[in-house]
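Student: Structure in structure tokens, see below.
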Amino acid sequence: MSTNNKPLNTDNNNQEEVDLGSLFVIIGKGFSNFFNFIAKTFKGIFHLFISMFIFLKENSIKIGVALIVGLVLGLFLEINKKVSYASDLLVSPNFQSARQLYNNVNYYNDLVLQKDTLKIAETFNIDKETAASIKEFTIVPVKNTSDLINSYNEFVTSVDTLTLRDYTFKDFSLSFTDLNYHLHQVHVIASKNDVFEKLGEVILGSVVQNEYFNRVKELNNENLDRTDALIRNNLGQTDSLRKVYMQVMLAEAKKESTGTSIDLGGQKSATKELALFETNRNLNEDLSDVVRDKSDKYEVINVISNFQPIGYEIKGVTANYAFILGALGAGLMILFLLLVKFNLFLTNYKK
């Protein structure tokens, strides 16, 4: 019986060895294919860089001529262009007034694009020459990730959990627009450096003088003042009660020191005193929130930084015509040569 089992065991061992050998062969081929793929990828990248350098070497004269022509033309324009100045107004709108502010600034920029100097002069109460010197109005948000996170936290505390399941942070971030950011920057460019100081009052006034925003501001301020007075009154009452409980506890302590063991509510007084301390702490936190709201939302628009009386000169490589036209000339020449080469490839491909 044992003699019959030996061939069977031998066959099983041989089969297992064959299976393991096949497995190792498959694994070896997998590693080999993987490393071959990596090698081909690096070769492809290396070939791409070499081809690019060969292309630049073969066409270096053409690209260089285009670059020099662009530089010369840009240098000529740079020498003859008028100096431009800029100034910035940093604001924090309240009561959803950011949209109105954006609309107004875009309207002023449309007047500039239409070269309606008369309307600009009337709007800002300046002379025509000064109005003609204004070149651009723009407004952009000062993007800060904390604004998005804080807004989402406020949203979470104001809705139920069922709503949060269907409305994730990703959904909220997609609906978060430029108007929802806390700070916004108004940027003005002009050919004169002393025109900016008169612009800020008009830009802000166009929103601040809006009847709707004024009414919302007044109601908000009345509510904040009333809440402030109520919290301060409650704080005064809790302080008075704490003094009373302290007197009761001192009286109980004196009685215990004289040997009297009758408890007239000392433990209850201590418990109430602790509860009053917690109430006082909560009221102080509420008062801090009200004070913060009064500082942030007491006006329709908070001015963080006003226009500088004298604007700063716009400089930099990206504002230099020589750099811009030089890079543009070289880029257009490269694009043209690539199109020629691609057209030649298509012609040969047909053959």
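Chain identifiers are assigned as A, B, and so on, following the order in which chains appear in the structure tokens; residues are numbered from 1 within each chain, and ligands are numbered from 1 in order of appearance.
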So that I can see what lies close to Ser288 of chain A, please list as a ChimeraX atom specification the residues with an atom at most 12 Å from it, counting only C-alpha atoms and leaving out residues fewer than 6 positions away in the same chain.
Tutor: /A:224,227-228,231-232,281-282,294-295
Student: Name the residues in contact with Glu218 of chain A at a cut-off of 10 Å, using only C-alpha atoms, excluding same-chain residues fewer than 4 positions from it; report them as JSON, numbers by chain.
Tutor: {"A": [213, 214, 222, 223, 224, 298, 299, 300]}
Student: Output N, CA and C atoms of each residue in that selection to a file, as a PDB file, in the first residue's frame.
Tutor:
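New file again_32.pdb:
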```pdb
ATOM      1  N   PHE A 213     -28.822  99.110   1.227  1.00  0.00           N
ATOM      2  CA  PHE A 213     -27.692  98.780   2.100  1.00  0.00           C
ATOM      3  C   PHE A 213     -27.695  99.644   3.358  1.00  0.00           C
ATOM      4  N   ASN A 214     -28.114 100.900   3.226  1.00  0.00           N
ATOM      5  CA  ASN A 214     -28.195 101.773   4.397  1.00  0.00           C
ATOM      6  C   ASN A 214     -29.233 101.270   5.390  1.00  0.00           C
ATOM      7  N   GLU A 222     -28.702  98.696  15.027  1.00  0.00           N
ATOM      8  CA  GLU A 222     -29.659  98.755  16.139  1.00  0.00           C
ATOM      9  C   GLU A 222     -29.701  97.430  16.893  1.00  0.00           C
ATOM     10  N   ASN A 223     -29.693  96.342  16.151  1.00  0.00           N
ATOM     11  CA  ASN A 223     -29.716  95.016  16.771  1.00  0.00           C
ATOM     12  C   ASN A 223     -28.447  94.772  17.583  1.00  0.00           C
ATOM     13  N   LEU A 224     -27.299  95.159  17.029  1.00  0.00           N
ATOM     14  CA  LEU A 224     -26.040  94.980  17.735  1.00  0.00           C
ATOM     15  C   LEU A 224     -25.984  95.836  19.001  1.00  0.00           C
ATOM     16  N   TYR A 298     -20.245  97.356  11.121  1.00  0.00           N
ATOM     17  CA  TYR A 298     -20.919  98.601  11.486  1.00  0.00           C
ATOM     18  C   TYR A 298     -21.062  99.521  10.282  1.00  0.00           C
ATOM     19  N   GLU A 299     -20.315  99.236   9.200  1.00  0.00           N
ATOM     20  CA  GLU A 299     -20.394 100.026   7.979  1.00  0.00           C
ATOM     21  C   GLU A 299     -20.720  99.109   6.802  1.00  0.00           C
ATOM     22  N   VAL A 300     -21.273  99.701   5.735  1.00  0.00           N
ATOM     23  CA  VAL A 300     -21.584  98.917   4.539  1.00  0.00           C
ATOM     24  C   VAL A 300     -20.292  98.375   3.931  1.00  0.00           C
TER      25      VAL A 300
END
```
Student: Using only C-alpha atoms for the distances, tell me which of A:Asn221, A:Ser32, A:Ser146, A:Thr138 is nearest to Leu101 of chain A.
Tutor: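 Nearest to Leu101 of chain A: A:Thr138.
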Student: Quick one: everything within 12 Å of Phe336 of chain A, counting only C-alpha atoms, minus sequence neighbours fewer than 4 positions away in the same chain. Send it as a tab-separated table (two decimals) with C-alpha atoms, in the first residue's frame.
Tutor:
```tsv
chain	number	residue	atom	x	y	z
A	59	ASN	CA	16.53	77.22	-36.82
A	62	LYS	CA	15.56	82.45	-37.87
A	63	ILE	CA	14.42	82.44	-34.25
A	66	ALA	CA	12.60	87.22	-34.96
A	329	GLY	CA	8.43	87.38	-31.98
A	330	ALA	CA	10.46	84.30	-31.01
A	331	GLY	CA	7.31	82.39	-30.06
A	332	LEU	CA	5.53	83.17	-33.34
A	340	VAL	CA	5.92	74.15	-41.74
A	341	LYS	CA	7.51	70.97	-40.40
A	342	PHE	CA	4.10	69.47	-39.61
A	343	ASN	CA	2.86	70.29	-43.11
```
Student: For Leu199 of chain A, which of A:Asp289, A:Glu278, A:Glu122, A:Glu154 is the closest residue, counting only C-alpha atoms?
Tutor: A:Glu122
Student: Would you list, as a PyMOL selection string, the residues of segment 85-138 of chain A that end up in strand (DSSP E or B) under DSSP run on this structure's backbone?
Tutor: chain A and resi 85-93+134-138
Student: Would you write out those residues with N, CA and C atoms, as a CSV table (one decimal), in the first residue's frame?
Tutor:
```csv
chain,number,residue,atom,x,y,z
A,85,TYR,N,1.0,105.0,-13.9
A,85,TYR,CA,1.0,104.9,-12.4
A,85,TYR,C,-0.2,104.1,-12.0
A,86,ALA,N,-0.2,103.6,-10.8
A,86,ALA,CA,-1.3,102.8,-10.3
A,86,ALA,C,-1.4,103.0,-8.8
A,87,SER,N,-2.6,102.7,-8.3
A,87,SER,CA,-2.9,102.8,-6.9
A,87,SER,C,-4.0,101.8,-6.6
A,88,ASP,N,-4.1,101.3,-5.3
A,88,ASP,CA,-5.0,100.3,-4.9
A,88,ASP,C,-5.9,100.7,-3.7
A,89,LEU,N,-7.1,100.2,-3.8
A,89,LEU,CA,-8.0,100.4,-2.7
A,89,LEU,C,-8.5,99.0,-2.2
A,90,LEU,N,-8.2,98.7,-0.9
A,90,LEU,CA,-8.5,97.4,-0.3
A,90,LEU,C,-9.7,97.6,0.6
A,91,VAL,N,-10.8,96.8,0.3
A,91,VAL,CA,-12.0,97.0,1.1
A,91,VAL,C,-12.6,95.6,1.5
A,92,SER,N,-13.5,95.7,2.5
A,92,SER,CA,-14.2,94.5,2.9
A,92,SER,C,-15.7,94.8,2.9
A,93,PRO,N,-16.5,94.4,1.9
A,93,PRO,CA,-17.9,94.7,1.8
A,93,PRO,C,-18.7,93.9,2.8
A,134,ILE,N,-7.0,108.6,-16.8
A,134,ILE,CA,-7.3,107.3,-16.2
A,134,ILE,C,-7.4,106.3,-17.3
A,135,LYS,N,-6.7,105.2,-17.2
A,135,LYS,CA,-6.5,104.2,-18.2
A,135,LYS,C,-7.3,102.9,-17.9
A,136,GLU,N,-7.5,102.6,-16.6
A,136,GLU,CA,-8.2,101.3,-16.3
A,136,GLU,C,-8.7,101.3,-14.9
A,137,PHE,N,-9.9,100.6,-14.7
A,137,PHE,CA,-10.4,100.3,-13.4
A,137,PHE,C,-10.6,98.7,-13.4
A,138,THR,N,-10.1,98.1,-12.4
A,138,THR,CA,-10.3,96.7,-12.2
A,138,THR,C,-10.5,96.4,-10.7
```
Student: So, with only C-alpha atoms as the atoms that count, which of A:Leu204, A:Ile45, A:Leu67, A:Val83 lies closest to Tyr102 of chain A?
Tutor: A:Leu204
Student: If DSSP is run on the backbone, what residues of segment 115-219 of chain A are alpha helix (DSSP H)? A reply as an NGL selection string would be ideal.
Tutor: :A and (117-124 or 128-133 or 145-158 or 161-166 or 169-175 or 199-208 or 211-219)
Student: Could those selected residues go to a file with C-alpha atoms, as an mmCIF file, in the first residue's frame?
Tutor:
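After the write, out.cif holds the following:
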```
data_model
loop_
_atom_site.group_PDB
_atom_site.id
_atom_site.type_symbol
_atom_site.label_atom_id
_atom_site.label_comp_id
_atom_site.auth_asym_id
_atom_site.auth_seq_id
_atom_site.Cartn_x
_atom_site.Cartn_y
_atom_site.Cartn_z
ATOM 1 C CA THR A 117 -14.028 111.531 -20.471
ATOM 2 C CA LEU A 118 -16.976 113.879 -19.965
ATOM 3 C CA LYS A 119 -18.974 111.263 -18.036
ATOM 4 C CA ILE A 120 -15.890 110.232 -16.039
ATOM 5 C CA ALA A 121 -15.230 113.881 -15.144
ATOM 6 C CA GLU A 122 -18.868 114.335 -14.005
ATOM 7 C CA THR A 123 -18.876 111.085 -12.009
ATOM 8 C CA PHE A 124 -15.689 111.766 -10.082
ATOM 9 C CA LYS A 128 -11.424 116.483 -18.382
ATOM 10 C CA GLU A 129 -7.630 116.300 -18.520
ATOM 11 C CA THR A 130 -7.505 114.296 -15.311
ATOM 12 C CA ALA A 131 -10.378 112.096 -16.509
ATOM 13 C CA ALA A 132 -8.524 111.412 -19.768
ATOM 14 C CA SER A 133 -5.445 110.291 -17.814
ATOM 15 C CA THR A 145 -8.455 79.618 1.697
ATOM 16 C CA SER A 146 -9.503 80.516 5.252
ATOM 17 C CA ASP A 147 -12.449 82.514 3.844
ATOM 18 C CA LEU A 148 -13.772 79.365 2.175
ATOM 19 C CA ILE A 149 -13.251 77.255 5.298
ATOM 20 C CA ASN A 150 -14.873 79.829 7.616
ATOM 21 C CA SER A 151 -17.854 80.204 5.283
ATOM 22 C CA TYR A 152 -18.299 76.434 5.191
ATOM 23 C CA ASN A 153 -18.135 76.251 8.992
ATOM 24 C CA GLU A 154 -20.877 78.887 9.220
ATOM 25 C CA PHE A 155 -22.919 76.911 6.703
ATOM 26 C CA VAL A 156 -22.485 73.676 8.696
ATOM 27 C CA THR A 157 -23.725 75.265 11.908
ATOM 28 C CA SER A 158 -26.798 76.702 10.171
ATOM 29 C CA THR A 161 -27.152 66.879 9.125
ATOM 30 C CA LEU A 162 -29.432 65.578 6.345
ATOM 31 C CA THR A 163 -28.591 68.609 4.217
ATOM 32 C CA LEU A 164 -24.864 68.101 4.840
ATOM 33 C CA ARG A 165 -25.050 64.546 3.511
ATOM 34 C CA ASP A 166 -26.289 65.818 0.147
ATOM 35 C CA PHE A 169 -17.502 70.613 1.064
ATOM 36 C CA LYS A 170 -16.622 70.064 -2.606
ATOM 37 C CA ASP A 171 -20.120 71.161 -3.640
ATOM 38 C CA PHE A 172 -19.848 74.185 -1.381
ATOM 39 C CA SER A 173 -16.429 75.171 -2.773
ATOM 40 C CA LEU A 174 -17.779 74.988 -6.345
ATOM 41 C CA SER A 175 -20.538 77.442 -5.442
ATOM 42 C CA LEU A 199 -11.583 108.388 -6.735
ATOM 43 C CA GLY A 200 -12.016 106.408 -3.519
ATOM 44 C CA GLU A 201 -14.833 108.491 -2.039
ATOM 45 C CA VAL A 202 -16.939 108.219 -5.215
ATOM 46 C CA ILE A 203 -16.341 104.481 -5.671
ATOM 47 C CA LEU A 204 -17.336 103.767 -2.063
ATOM 48 C CA GLY A 205 -20.152 106.305 -2.052
ATOM 49 C CA SER A 206 -21.823 104.654 -5.031
ATOM 50 C CA VAL A 207 -22.444 101.638 -2.775
ATOM 51 C CA VAL A 208 -22.645 103.198 0.696
ATOM 52 C CA GLU A 211 -30.884 103.013 0.292
ATOM 53 C CA TYR A 212 -31.192 99.243 0.659
ATOM 54 C CA PHE A 213 -27.692 98.780 2.100
ATOM 55 C CA ASN A 214 -28.195 101.773 4.397
ATOM 56 C CA ARG A 215 -31.427 100.320 5.751
ATOM 57 C CA VAL A 216 -29.813 96.925 6.342
ATOM 58 C CA LYS A 217 -26.862 98.628 8.058
ATOM 59 C CA GLU A 218 -29.120 100.671 10.369
ATOM 60 C CA LEU A 219 -31.176 97.620 11.366
#
```
Student: I want to know what sits within 10 Å of Lys82 of chain A, based on only C-alpha atoms, with residues of the same chain fewer than 5 positions away left out; could you give that as a list in words?
Tutor: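 What passes the distance filter is Leu77, Ser191 and Lys192 of chain A.
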Student: Distance atom CA of Phe55 of chain A-atom CA of Ala327 of chain A, one decimal place?
Tutor: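 Calculated distance between atom CA of Phe55 of chain A and atom CA of Ala327 of chain A is 17.8 Å.
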Student: What does the distance from atom CA of Leu250 of chain A to atom CA of Glu285 of chain A come to in Å, to one decimal?
Tutor: 29.1 Å
